[in-house]
Structures are given as structure tokens and as C-alpha cells.
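Shown here: model-v8.txt, compact mmCIF, C-alpha atoms and all ligand atoms.
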# COMPACT_ATOMS: atom_id res chain seq x y z
CA MET A 271 0.00 0.00 0.00
CA THR A 272 1.31 3.41 -0.94
CA ARG A 273 0.92 6.19 1.57
CA ILE A 274 -0.14 9.48 0.01
CA LEU A 275 1.65 12.20 1.97
CA ASP A 276 -0.84 14.95 2.73
CA GLY A 277 1.14 18.18 2.44
CA LYS A 278 -1.96 20.27 3.02
CA ALA A 279 -2.64 18.68 6.41
CA LEU A 280 1.02 18.83 7.50
CA ALA A 281 1.23 22.48 6.39
CA ALA A 282 -1.98 23.30 8.30
CA ARG A 283 -0.40 21.91 11.49
CA LEU A 284 2.78 23.94 10.95
CA ARG A 285 0.75 27.10 10.25
CA ALA A 286 -1.29 26.57 13.42
CA ARG A 287 1.93 26.24 15.45
CA VAL A 288 3.35 29.41 13.89
CA ALA A 289 0.09 31.29 14.60
CA GLU A 290 0.24 30.25 18.26
CA GLU A 291 3.90 31.28 18.59
CA VAL A 292 3.24 34.63 16.87
CA ARG A 293 0.44 35.26 19.41
CA ASP A 294 2.74 34.35 22.31
CA LEU A 295 5.53 36.58 21.02
CA ARG A 296 3.14 39.48 20.64
CA ALA A 297 1.70 38.96 24.13
CA ARG A 298 5.18 38.80 25.71
CA THR A 299 6.97 41.55 23.77
CA GLY A 300 4.36 43.54 21.83
CA ILE A 301 6.30 42.71 18.66
CA VAL A 302 4.61 41.50 15.50
CA PRO A 303 6.83 39.76 12.93
CA GLY A 304 7.00 41.87 9.74
CA LEU A 305 7.41 40.47 6.23
CA ARG A 306 7.89 42.43 3.00
CA VAL A 307 7.57 40.71 -0.35
CA LEU A 308 9.01 42.61 -3.32
CA LEU A 309 7.62 41.86 -6.74
CA LEU A 310 8.99 43.46 -9.90
CA GLY A 311 6.64 43.42 -12.85
CA ASP A 312 3.32 41.66 -13.25
CA HIS A 313 4.12 38.10 -14.27
CA PRO A 314 0.80 36.31 -13.53
CA ALA A 315 2.32 33.24 -11.79
CA SER A 316 4.59 35.41 -9.61
CA LEU A 317 1.67 37.66 -8.73
CA ALA A 318 -0.39 34.64 -7.68
CA TYR A 319 2.51 33.28 -5.57
CA VAL A 320 3.11 36.56 -3.71
CA ARG A 321 -0.60 36.99 -2.99
CA THR A 322 -0.78 33.45 -1.59
CA LYS A 323 2.23 34.17 0.63
CA GLU A 324 0.82 37.51 1.83
CA LYS A 325 -2.59 36.00 2.67
CA ALA A 326 -1.11 32.99 4.47
CA ALA A 327 1.22 35.23 6.49
CA ARG A 328 -1.59 37.55 7.54
CA GLU A 329 -3.67 34.56 8.63
CA VAL A 330 -1.00 33.61 11.20
CA GLY A 331 -0.70 37.19 12.48
CA ILE A 332 2.41 38.27 10.55
CA ASP A 333 2.36 41.86 9.31
CA ALA A 334 2.88 40.95 5.65
CA ARG A 335 2.87 43.40 2.76
CA VAL A 336 3.56 42.98 -0.92
CA GLU A 337 5.45 45.87 -2.51
CA ARG A 338 5.04 46.01 -6.26
CA LEU A 339 7.59 47.79 -8.41
CA PRO A 340 7.51 48.26 -12.18
CA ALA A 341 9.34 45.63 -14.27
CA GLU A 342 11.70 48.35 -15.57
CA THR A 343 12.81 49.41 -12.05
CA GLU A 344 16.55 50.04 -12.08
CA GLU A 345 18.75 47.78 -10.01
CA ALA A 346 20.07 50.74 -8.00
CA ARG A 347 16.50 51.67 -7.05
CA LEU A 348 15.76 48.10 -5.91
CA LEU A 349 19.01 47.98 -3.89
CA ALA A 350 18.11 51.30 -2.25
CA ARG A 351 14.71 49.94 -1.23
CA LEU A 352 16.33 46.79 0.17
CA ALA A 353 18.73 48.95 2.20
CA GLU A 354 15.72 50.76 3.72
CA LEU A 355 14.00 47.48 4.56
CA ASN A 356 17.25 46.08 6.01
CA ALA A 357 17.37 49.08 8.35
CA ASP A 358 13.68 49.00 9.32
CA PRO A 359 13.28 47.38 12.77
CA ALA A 360 9.61 46.57 12.05
CA VAL A 361 10.64 44.36 9.12
CA HIS A 362 12.06 40.96 10.10
CA GLY A 363 11.75 39.11 6.80
CA ILE A 364 12.36 40.25 3.20
CA LEU A 365 11.57 38.17 0.16
CA VAL A 366 12.42 39.19 -3.39
CA GLN A 367 10.18 37.20 -5.71
CA LEU A 368 12.17 35.41 -8.41
CA PRO A 369 12.73 35.41 -11.31
CA LEU A 370 13.85 39.04 -11.56
CA PRO A 371 13.79 40.92 -14.89
CA ARG A 372 16.84 40.23 -17.04
CA HIS A 373 18.45 43.65 -16.53
CA ILE A 374 18.86 42.94 -12.81
CA ASP A 375 21.71 40.90 -11.33
CA THR A 376 19.92 38.39 -9.09
CA VAL A 377 23.03 37.39 -7.12
CA ARG A 378 23.84 41.04 -6.38
CA VAL A 379 20.28 41.67 -5.18
CA LEU A 380 20.15 38.57 -2.97
CA SER A 381 23.59 39.41 -1.55
CA ALA A 382 22.32 42.87 -0.58
CA LEU A 383 19.74 41.45 1.84
CA ASP A 384 20.50 41.45 5.52
CA PRO A 385 21.13 37.68 5.85
CA ARG A 386 19.11 37.63 9.09
CA LYS A 387 16.06 38.89 7.14
CA ASP A 388 16.62 36.54 4.19
CA VAL A 389 13.54 34.35 4.76
CA ASP A 390 14.03 32.56 1.42
CA GLY A 391 17.49 31.46 2.55
CA PHE A 392 19.14 32.46 -0.74
CA HIS A 393 21.79 34.88 0.60
CA PRO A 394 25.29 33.44 0.01
CA LEU A 395 25.97 33.44 3.76
CA ASN A 396 22.89 31.30 4.45
CA ALA A 397 23.62 29.07 1.44
CA GLY A 398 27.20 28.63 2.70
CA ARG A 399 26.10 27.79 6.23
CA LEU A 400 23.69 25.22 4.80
CA ALA A 401 26.45 23.70 2.67
CA GLN A 402 28.52 23.22 5.86
CA LEU A 403 25.64 21.85 7.90
CA SER A 404 25.77 18.63 9.85
CA GLY A 405 22.59 17.51 11.61
CA ALA A 406 19.55 19.75 12.11
CA PRO A 407 19.86 23.45 11.18
CA ALA A 408 20.48 25.88 14.06
CA GLU A 409 17.45 27.97 15.05
CA ASP A 410 18.94 31.08 13.39
CA LEU A 411 19.82 29.44 10.05
CA LEU A 412 17.29 30.37 7.37
CA VAL A 413 16.90 27.37 5.07
CA PRO A 414 15.16 27.69 1.66
CA CYS A 415 11.45 27.03 2.10
CA THR A 416 10.80 24.32 -0.51
CA PRO A 417 13.65 21.98 0.50
CA ARG A 418 12.78 22.51 4.15
CA GLY A 419 9.17 21.57 3.38
CA CYS A 420 10.42 18.45 1.60
CA LEU A 421 12.50 17.49 4.62
CA LEU A 422 9.47 17.84 6.91
CA LEU A 423 7.48 15.61 4.53
CA LEU A 424 10.29 13.03 4.65
CA GLU A 425 10.30 13.22 8.44
CA GLU A 426 6.57 12.52 8.40
CA ALA A 427 6.95 9.63 5.92
CA LEU A 428 9.85 7.99 7.76
CA GLY A 429 8.63 8.64 11.29
CA GLY A 430 11.75 10.74 12.01
CA LEU A 431 14.88 11.92 10.28
CA ALA A 432 17.19 9.38 11.94
CA ASP A 433 15.93 6.96 9.32
CA LEU A 434 17.66 8.96 6.57
CA ARG A 435 21.04 7.78 7.87
CA GLY A 436 22.91 5.86 5.18
CA LYS A 437 19.90 5.79 2.81
CA ARG A 438 20.49 6.23 -0.94
CA ALA A 439 18.82 9.53 -1.81
CA LEU A 440 18.54 10.94 -5.31
CA VAL A 441 17.82 14.63 -5.86
CA LEU A 442 16.63 15.23 -9.41
CA GLY A 443 17.54 18.84 -10.29
CA ARG A 444 20.46 21.07 -9.26
CA SER A 445 18.87 24.52 -9.00
CA THR A 446 20.03 26.85 -6.23
CA ILE A 447 16.40 27.17 -5.11
CA VAL A 448 15.50 23.50 -4.73
CA GLY A 449 18.00 20.84 -5.84
CA ARG A 450 21.23 22.02 -4.22
CA PRO A 451 19.83 23.05 -0.82
CA MET A 452 17.79 19.80 -0.78
CA ALA A 453 20.95 17.77 -1.34
CA ALA A 454 22.70 19.71 1.46
CA LEU A 455 19.86 18.96 3.90
CA LEU A 456 19.86 15.25 3.05
CA LEU A 457 23.64 15.11 3.42
CA ALA A 458 23.42 16.91 6.76
CA HIS A 459 21.15 14.07 7.88
CA ASP A 460 23.65 11.43 6.75
CA ALA A 461 21.91 10.22 3.60
CA THR A 462 24.10 9.00 0.72
CA VAL A 463 23.23 11.70 -1.77
CA THR A 464 23.35 11.75 -5.58
CA ILE A 465 22.34 14.81 -7.60
CA ALA A 466 20.99 14.14 -11.09
CA HIS A 467 20.47 16.84 -13.71
CA SER A 468 19.92 17.41 -17.41
CA ARG A 469 23.35 15.97 -18.29
CA THR A 470 22.99 12.81 -16.19
CA ARG A 471 23.41 9.55 -18.13
CA ASP A 472 20.95 6.75 -17.36
CA LEU A 473 18.54 8.75 -15.24
CA ALA A 474 16.20 5.75 -15.00
CA GLY A 475 19.04 3.66 -13.50
CA GLU A 476 19.88 6.40 -10.97
CA CYS A 477 16.21 6.60 -9.96
CA ARG A 478 15.91 2.81 -9.56
CA ARG A 479 18.75 2.78 -6.99
CA ALA A 480 17.15 5.51 -4.88
CA GLU A 481 15.43 4.70 -1.60
CA ILE A 482 14.52 8.39 -1.33
CA LEU A 483 13.72 10.41 -4.45
CA VAL A 484 13.18 14.16 -4.49
CA ALA A 485 12.14 15.17 -7.99
CA ALA A 486 12.61 18.85 -8.94
CA ALA A 487 13.24 18.92 -12.68
CA GLY A 488 10.13 20.77 -13.84
CA ARG A 489 9.38 18.13 -16.52
CA ALA A 490 5.86 16.70 -16.55
CA GLU A 491 5.83 13.02 -15.50
CA LEU A 492 9.48 12.56 -16.48
CA VAL A 493 9.94 9.81 -13.88
CA ARG A 494 7.96 6.72 -14.87
CA GLY A 495 6.59 4.14 -12.45
CA ASP A 496 9.07 1.45 -13.50
CA TRP A 497 11.98 3.83 -12.75
CA LEU A 498 11.05 3.72 -9.07
CA ALA A 499 12.37 1.26 -6.50
CA GLU A 500 9.66 -0.67 -4.73
CA GLN A 501 9.13 0.88 -1.28
CA ALA A 502 10.91 4.13 -2.20
CA VAL A 503 9.75 7.38 -0.59
CA VAL A 504 9.04 9.94 -3.30
CA ILE A 505 8.76 13.71 -2.84
CA ASP A 506 7.55 15.38 -6.02
CA VAL A 507 8.41 19.09 -6.16
CA GLY A 508 7.54 19.59 -9.84
CA ILE A 509 4.60 21.76 -10.81
CA ASN A 510 3.82 21.39 -14.50
CA ARG A 511 0.77 22.62 -16.39
CA VAL A 512 -0.41 20.18 -19.02
CA PRO A 513 -3.50 20.27 -21.27
CA SER A 514 -6.48 18.38 -19.85
CA PRO A 515 -9.06 16.46 -21.93
CA ASP A 516 -11.71 19.16 -21.32
CA GLY A 517 -9.57 21.72 -23.15
CA GLY A 518 -8.29 23.38 -19.97
CA HIS A 519 -5.16 22.70 -17.95
CA ARG A 520 -4.25 20.54 -14.99
CA LEU A 521 -1.18 20.38 -12.79
CA VAL A 522 1.07 17.33 -12.70
CA GLY A 523 4.36 16.61 -11.00
CA ASP A 524 7.68 15.32 -12.30
CA VAL A 525 6.66 11.75 -11.37
CA ALA A 526 3.94 9.75 -13.12
CA PHE A 527 1.78 9.59 -9.99
CA ALA A 528 -0.72 6.92 -11.10
CA GLU A 529 2.14 4.59 -12.08
CA ALA A 530 3.95 5.15 -8.80
CA VAL A 531 0.97 4.43 -6.55
CA GLY A 532 0.93 0.76 -5.56
CA ARG A 533 4.70 0.52 -6.06
CA VAL A 534 6.37 2.98 -3.71
CA ALA A 535 6.02 3.25 0.07
CA ALA A 536 4.97 6.90 0.04
CA ILE A 537 4.55 9.76 -2.41
CA THR A 538 3.43 13.39 -2.37
CA PRO A 539 0.57 14.37 -4.70
CA VAL A 540 0.65 17.38 -7.06
CA PRO A 541 -1.06 19.61 -6.12
CA GLY A 542 -1.40 19.20 -2.34
CA GLY A 543 2.09 17.93 -1.49
CA VAL A 544 5.15 20.17 -1.45
CA GLY A 545 3.41 23.44 -2.48
CA PRO A 546 1.54 24.06 0.80
CA MET A 547 4.68 23.15 2.78
CA THR A 548 6.70 25.80 0.95
CA VAL A 549 4.29 28.53 2.07
CA ALA A 550 4.10 27.21 5.66
CA CYS A 551 7.91 27.11 5.89
CA LEU A 552 8.08 30.75 4.75
CA LEU A 553 5.87 31.72 7.70
CA ASP A 554 8.01 29.68 10.07
CA ASN A 555 11.19 31.26 8.65
CA THR A 556 9.71 34.72 9.22
CA LEU A 557 8.97 33.87 12.85
CA ARG A 558 12.47 32.41 13.31
CA ALA A 559 14.04 35.48 11.72
CA CYS A 560 12.07 37.75 14.05
CA ARG A 561 13.08 35.78 17.14
CA ALA A 562 16.74 35.75 16.11
CA GLN A 563 16.73 39.53 15.55
CA LEU A 564 15.15 40.14 18.93
CA ALA A 565 17.76 37.93 20.58
CA ARG A 566 20.67 39.60 18.72
CA PRO A 567 19.66 43.08 17.53
CA THR A 568 22.91 44.01 15.73
CA LEU A 569 24.71 42.41 12.83
CA THR A 570 27.90 40.56 13.64
CA ARG A 571 30.87 41.20 11.35
CA SER A 572 30.59 37.78 9.70
CA SER A 573 27.00 38.36 8.65
CA GLU A 574 27.44 41.87 7.28
CA PRO A 575 26.12 42.19 3.75
CA PRO A 576 28.81 43.12 1.22
CA SER A 577 29.08 46.85 0.51
P1 LIG B 601 15.01 24.85 -12.57
O1 LIG B 601 14.51 24.88 -13.99
O2 LIG B 601 15.81 25.97 -12.03
O3 LIG B 601 15.89 23.51 -12.41
C1 LIG B 601 15.52 22.29 -12.97
C2 LIG B 601 16.62 21.28 -12.78
O4 LIG B 601 16.19 20.05 -13.34
C3 LIG B 601 17.92 21.66 -13.47
O5 LIG B 601 18.99 21.47 -12.58
C4 LIG B 601 18.04 20.70 -14.65
O6 LIG B 601 19.38 20.28 -14.87
C5 LIG B 601 17.19 19.51 -14.20
N1 LIG B 601 16.52 18.89 -15.34
C6 LIG B 601 15.70 19.47 -16.23
N2 LIG B 601 15.29 18.56 -17.15
C7 LIG B 601 15.87 17.39 -16.83
C8 LIG B 601 15.85 16.10 -17.39
N3 LIG B 601 15.13 15.81 -18.50
N4 LIG B 601 16.56 15.13 -16.81
C9 LIG B 601 17.29 15.40 -15.69
N5 LIG B 601 17.33 16.60 -15.10
C10 LIG B 601 16.64 17.59 -15.67
O7 LIG B 601 13.73 24.54 -11.69
P2 LIG B 601 13.47 24.72 -10.10
O8 LIG B 601 13.26 26.15 -9.77
O9 LIG B 601 14.45 23.94 -9.33
O10 LIG B 601 12.04 24.01 -10.01
C11 LIG B 601 11.86 22.66 -10.38
C12 LIG B 601 10.40 22.31 -10.38
O11 LIG B 601 9.88 22.48 -9.08
C13 LIG B 601 9.52 23.22 -11.27
O12 LIG B 601 8.45 22.44 -11.78
C14 LIG B 601 8.97 24.24 -10.31
O13 LIG B 601 7.74 24.78 -10.74
C15 LIG B 601 8.80 23.40 -9.09
N6 LIG B 601 8.82 24.15 -7.83
C16 LIG B 601 7.86 23.87 -6.95
C17 LIG B 601 7.84 24.49 -5.72
C18 LIG B 601 6.78 24.15 -4.75
O14 LIG B 601 6.59 24.87 -3.80
N7 LIG B 601 6.08 23.04 -4.92
C19 LIG B 601 8.82 25.44 -5.40
C20 LIG B 601 9.86 25.67 -6.32
C21 LIG B 601 9.84 25.01 -7.53
Any chance you could put this one into C-alpha cells?
Ligand code: NAD
Amino acid sequence: MTRILDGKALAARLRARVAEEVRDLRARTGIVPGLRVLLLGDHPASLAYVRTKEKAAREVGIDARVERLPAETEEARLLARLAELNADPAVHGILVQLPLPRHIDTVRVLSALDPRKDVDGFHPLNAGRLAQLSGAPAEDLLVPCTPRGCLLLLEEALGGLADLRGKRALVLGRSTIVGRPMAALLLAHDATVTIAHSRTRDLAGECRRAEILVAAAGRAELVRGDWLAEQAVVIDVGINRVPSPDGGHRLVGDVAFAEAVGRVAAITPVPGGVGPMTVACLLDNTLRACRAQLARPTLTRSSEPPS
């Protein structure tokens, strides 16, 4: 029997915990965690994502606001706004919605964030700390939301993370947003990690060896049922729009779900698996960022953003 991992239910539990802790924090200190989401341009998918994040954050008591800037905003203008938000004590989390327009240097923008406010975990300092991680992340380390959500789903599937020790884990995809930080988290928990990507030879063979598979390639149903080891645990990050028979669209993952069910031990559905966990982890990161800033109000030298 294949267990379908209910990301919606797990995310609802995490959101409820965050809401309770935000209430407690407010009652004890009068402080409300503040989140600012910067969106350049009006790409429809990005607009939908930022609205979802803003709504979810407000529901748990976070003071969340989306700031929209024109697509043609100059990089210097964006950096100036980030500097203001970095300096604003009411703002504990800053998220710059990606992708940015082509005329803007994404690495420069992400590097300009105060790393303690980097709730997406993409600042080089946070990425570097994650790359060096062994065991569970420290309370003040901001880990990218999607991989962290995947790890929580694995914890749920395995009944704890100790079970990752020594397991053969395959991460399909090497993006800085999902694949690489996912591999770092699995390695930190002692899994034997392989990263596959678009140049990998014999992807099916790599998948068949995996006891844990995290698929983040963005290719509809790339992974077929007979590529999967029996009793594998599968986390499907992919979100792909494909035409549906009624002339509309439907969302599918990177794994052929119907073929996997009955074969693997556990799998996340698309939608309703990783997506809700990503949003819930953003709220938790914002709360963590707020707590860390209250505990240590000034930047240490090592975490100073580059000038
Ligand atoms: P990306 O395009 O940046 O990276 C895709 C990776 O997959 C690349 O490393 C590439 O080498 C690899 N790849 C592509 N085609 C391949 C193939 N045929 N064989 C082997 N490897 C291949 O994408 P991303 O930002 O990492 O996102 C991946 C997927 O996850 C997308 O579908 C995206 O929409 C989805 N996503 C979902 C969430 C969520 O919350 N559920 C969050 C982020 C991304």
C-alpha cells in the first residue's frame, strides 16, 4: 500500500503552530513579525505566488505586505529599497520574488539582503552555512522554504529523520532554489546523496537505486513508475501545467503519480504535497528570523552584507 503524503494537512499543522507562537511573542513583547515581499513586474504566476504568501502570512498574524515595483525598475532603485528594509526594525523578513527581470543581477540583489532577514534562505551566507551543515539546522539558520518543506514531509513519511542515515537519496535537479539546498539537507542528515540533472546519463538507473527520491526537474511526468524502487519514498516538487481532456489545464508533477501508486512506500501528490509546505515554511522562517533579531539586535561582522 502506498501512503499518500498529505502536504496540506502537515502544512496546516505547521501554520497553526506558527500562529500560536506569533500570538505568544506578541503577548510577551508587543512585537509583530513583519514580512515584505518585493515583486517586480506583473508576471501572472509570480503575482499569484506573492498573494498566496501575503494571505497565508496575515492569517497567522504576521504583518505581511507585498510591494510592487515596475518591471523596468533600475537595479540601484531596488538595492536602495532593500537597504531601507534592512534598516527597518519593524521588518524581520524580506523576500524578493524570483525570477527578476533580465536587466537585474539576481546574485547582487540577494547578496544585498540582511542575511538575518533573508527568509528565502538564498543569501550566500545562508547558502554557505547550509552547505557546511551537519545535523539539524540551528534555530537562526534560514533554510530555503521548498527543501525545508520536503524534509518535513520526509520526516513525516519515515517517522523521524534518523531513518535517513545511510539511505540512498537521489535529488533530481540542481537549482540553487531546490536541488542544491535539498541535497545539502539530506547530506546533513547522513543520507548518501546523488544529484541528477539534465546531463545525467541513465537517469532511470539512478532513480531505480534511490530509496529516497526528491524530484525537482520541472518536466511533466518525467519519472515513470518502472523507474522507481519498490518501497521508495518519493517527494515530487515539480509543478507542470499540461493540457487536460476538457480543453483546460491541470497540474502534474515530475513523477507519473498513477504509475507510482501501488509501487512505492509513500509519495506526495501534485497539487497538495510540497506546495503548501513551501508557504508554511516561509511563515516559520519569518517567525524564526524575528526571534533571532530580537535575541541579537545588531549584525555581527561575519553576517554583514557586502558593501
Ligand atoms: P530549474 O529549472 O531551475 O531547475 C531544474 C533542474 O532540473 C535543473 O537542474 C536541470 O538540470 C534539471 N533537469 C531538467 N530537465 C531534466 C531532465 N530531463 N533530466 C534530468 N534533469 C533535468 O527549476 P526549479 O526552480 O528547481 O524548479 C523545479 C520544479 O519544481 C519546477 O516544476 C517548479 O515549478 C517546481 N517548484 C515547486 C515548488 C513548490 O513549492 N512546490 C517550489 C519551487 C519550484
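When all atoms listed in the file are used to compute distances to Gln501 (chain A), the closest of the residues A:Ala297, A:Met271, A:Ala526, A:Leu308 turns out to be A:Met271.
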Closest atom pairs, residues of chain A within 6 Å of ligand LIG 601 (chain B), only C-alpha atoms and all ligand atoms, as CSV:
residue,atom,partner,partner_atom,distance
A:Thr416,CA,B:LIG601,O14,5.4
A:Leu442,CA,B:LIG601,N5,5.9
A:Gly443,CA,B:LIG601,O4,3.5
A:Arg444,CA,B:LIG601,O5,3.7
A:Ser445,CA,B:LIG601,O9,4.5
A:Ile447,CA,B:LIG601,O9,5.7
A:Val448,CA,B:LIG601,O9,4.7
A:Gly449,CA,B:LIG601,O9,5.9
A:Ala466,CA,B:LIG601,N5,6.0
A:His467,CA,B:LIG601,N5,3.4
A:Ser468,CA,B:LIG601,N5,3.6
A:Ala486,CA,B:LIG601,C11,4.1
A:Ala487,CA,B:LIG601,O4,3.2
A:Gly488,CA,B:LIG601,O12,3.1
A:Arg489,CA,B:LIG601,N2,6.0
A:Val507,CA,B:LIG601,O11,4.7
A:Gly508,CA,B:LIG601,O12,3.6
A:Ile509,CA,B:LIG601,O12,4.0
A:Asn510,CA,B:LIG601,O12,5.5
A:Val544,CA,B:LIG601,N7,4.6
A:Gly545,CA,B:LIG601,N7,3.6
A:Thr548,CA,B:LIG601,O14,4.8
Against region 329-347 of chain A, which residues of region 448-557 of chain A fall within 9 Å? For each one I want the closest pair of atoms and the distance in Å (one decimal), counting only C-alpha atoms, rows by chain and increasing residue number, as JSON lines.
{"residue": "A:Leu553", "atom": "CA", "partner": "A:Ile332", "partner_atom": "CA", "distance": 7.9}
{"residue": "A:Thr556", "atom": "CA", "partner": "A:Ile332", "partner_atom": "CA", "distance": 8.2}
{"residue": "A:Leu557", "atom": "CA", "partner": "A:Ile332", "partner_atom": "CA", "distance": 8.2}
Restrict the selected residues to C-alpha atoms and save them as a CSV table (one decimal), in the frame of the given file.
chain,number,residue,atom,x,y,z
A,553,LEU,CA,5.9,31.7,7.7
A,556,THR,CA,9.7,34.7,9.2
A,557,LEU,CA,9.0,33.9,12.8
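Separating CA of Leu310 (chain A) from CA of Arg328 (chain A) is a distance of 21.2 Å.
Among A:Pro314, A:Gly419, A:Gly517, A:Gly363, the residue with the shortest atom-to-atom distance to Met547 (chain A), counting all atoms listed in the file, is A:Gly419.
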Practice problem: Write out as a ChimeraX atom specification the residues lying within 6 Å of region 387-391 of chain A, counting all atoms listed in the file and excluding same-chain residues fewer than 4 positions away. | Solution: /A:362-364,396,412-414,555-556
Quiz prompt | Counting all atoms listed in the file, the residue of A:Ala536, A:Val288, A:Gly495, A:Val549 that sits nearest Asp524 (chain A) | solution = A:Gly495
Exercise. Take the point (21.7, 14.5, 8.6) in the file's coordinates, draw a sphere of radius 12 Å around it, and report as a ChimeraX atom specification every protein, DNA or RNA residue with an atom inside or on it, counting all atoms listed in the file.
Key: /A:400-407,421,425,430-437,439,452-463
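Shortest separation to Gln367 (chain A) among A:Leu422, A:Ala286, A:Val307, A:Leu521 occurs at residue A:Val307, atoms counted being all atoms listed in the file.
Across A:Asp276, A:Asp410, A:Glu354, A:Asp516, the tightest approach to Pro541 (chain A) is made by A:Asp276 when counting only C-alpha atoms.
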Quiz item: Contacts of Phe527 (chain A) at 9 Å or less, counting only C-alpha atoms, minus same-chain residues fewer than 2 places along, as a VMD selection string?
Solution: chain A and resid 491 494 to 495 522 to 525 529 to 531 537 to 540
Quiz item: CA of Val484 (chain A) to CA of Arg450 (chain A): how many Å, to one decimal?
Solution: 11.3 Å
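Comparing the minimum interatomic distances between Leu492 (chain A) and each of A:Leu473, A:Leu317, A:Ile505, A:Leu411, counting all atoms listed in the file, we find that A:Leu473 sits nearest.
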Practice problem: Find the distance between CA of Ala279 (chain A) and CA of Ile482 (chain A) and write it in Å to one decimal. | Solution: 21.5 Å
Box time for region 447-459 of chain A: axis-aligned, enclosing all its listed atoms, 5 Å extra on each side; report centre and edge lengths in Å to one decimal, as lines of an AutoDock Vina configuration file.
center_x = 19.6
center_y = 20.6
center_z = 1.0
size_x = 18.1
size_y = 23.1
size_z = 23.7
Quiz prompt | Residue contacts of Arg479 (chain A) (8 Å, all atoms listed in the file) excluding same-chain residues fewer than 2 positions away, as a PyMOL selection string | solution = chain A and resi 438+475-477+481+499
Quiz item: Phe392 (chain A): which residues within 10 Å, counting all atoms listed in the file, same-chain residues fewer than 6 positions away excluded, as a PyMOL selection string?
Solution: chain A and resi 365-366+377+380-381+383+385+398+412-415+446-447+451
What would the file be for region 437-444 of chain A if you keep all heavy atoms and write it as a CSV table (one decimal), in the first residue's frame?
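Listing of selection_29.csv after writing:
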chain,number,residue,atom,x,y,z
A,437,LYS,N,20.8,6.1,3.9
A,437,LYS,CA,19.9,5.8,2.8
A,437,LYS,C,20.4,6.4,1.5
A,437,LYS,O,21.0,7.5,1.5
A,437,LYS,CB,18.5,6.4,3.1
A,437,LYS,CG,17.7,5.6,4.1
A,437,LYS,CD,16.4,5.1,3.5
A,437,LYS,CE,15.8,3.9,4.2
A,437,LYS,NZ,15.3,4.2,5.6
A,438,ARG,N,20.1,5.7,0.4
A,438,ARG,CA,20.5,6.2,-0.9
A,438,ARG,C,19.4,7.2,-1.4
A,438,ARG,O,18.3,6.8,-1.6
A,438,ARG,CB,20.6,5.1,-2.0
A,438,ARG,CG,21.9,4.3,-1.8
A,438,ARG,CD,22.0,3.3,-3.0
A,438,ARG,NE,20.9,2.4,-3.1
A,438,ARG,CZ,20.7,1.3,-2.4
A,438,ARG,NH1,21.7,0.9,-1.6
A,438,ARG,NH2,19.7,0.6,-2.6
A,439,ALA,N,19.8,8.5,-1.4
A,439,ALA,CA,18.8,9.5,-1.8
A,439,ALA,C,19.2,10.1,-3.1
A,439,ALA,O,20.4,10.5,-3.3
A,439,ALA,CB,18.8,10.6,-0.7
A,440,LEU,N,18.3,10.3,-4.0
A,440,LEU,CA,18.5,10.9,-5.3
A,440,LEU,C,17.8,12.3,-5.4
A,440,LEU,O,16.5,12.3,-5.1
A,440,LEU,CB,18.1,10.1,-6.5
A,440,LEU,CG,18.4,10.7,-7.9
A,440,LEU,CD1,19.8,10.7,-8.2
A,440,LEU,CD2,17.6,10.0,-9.0
A,441,VAL,N,18.5,13.3,-5.6
A,441,VAL,CA,17.8,14.6,-5.9
A,441,VAL,C,17.9,14.9,-7.4
A,441,VAL,O,18.9,14.9,-8.0
A,441,VAL,CB,18.5,15.8,-5.1
A,441,VAL,CG1,17.8,17.1,-5.4
A,441,VAL,CG2,18.6,15.5,-3.6
A,442,LEU,N,16.7,15.0,-8.0
A,442,LEU,CA,16.6,15.2,-9.4
A,442,LEU,C,16.5,16.7,-9.6
A,442,LEU,O,15.4,17.3,-9.3
A,442,LEU,CB,15.4,14.4,-10.0
A,442,LEU,CG,15.1,14.5,-11.4
A,442,LEU,CD1,16.3,14.4,-12.3
A,442,LEU,CD2,14.1,13.5,-11.8
A,443,GLY,N,17.5,17.4,-10.1
A,443,GLY,CA,17.5,18.8,-10.3
A,443,GLY,C,18.6,19.5,-9.4
A,443,GLY,O,18.9,19.0,-8.3
A,444,ARG,N,19.3,20.5,-10.0
A,444,ARG,CA,20.5,21.1,-9.3
A,444,ARG,C,20.3,22.6,-9.1
A,444,ARG,O,21.3,23.3,-9.1
A,444,ARG,CB,21.8,20.7,-9.9
A,444,ARG,CG,21.8,21.2,-11.4
A,444,ARG,CD,23.2,20.9,-12.0
A,444,ARG,NE,23.1,21.0,-13.5
A,444,ARG,CZ,24.0,20.7,-14.3
A,444,ARG,NH1,25.2,20.3,-13.9
A,444,ARG,NH2,23.8,20.8,-15.6
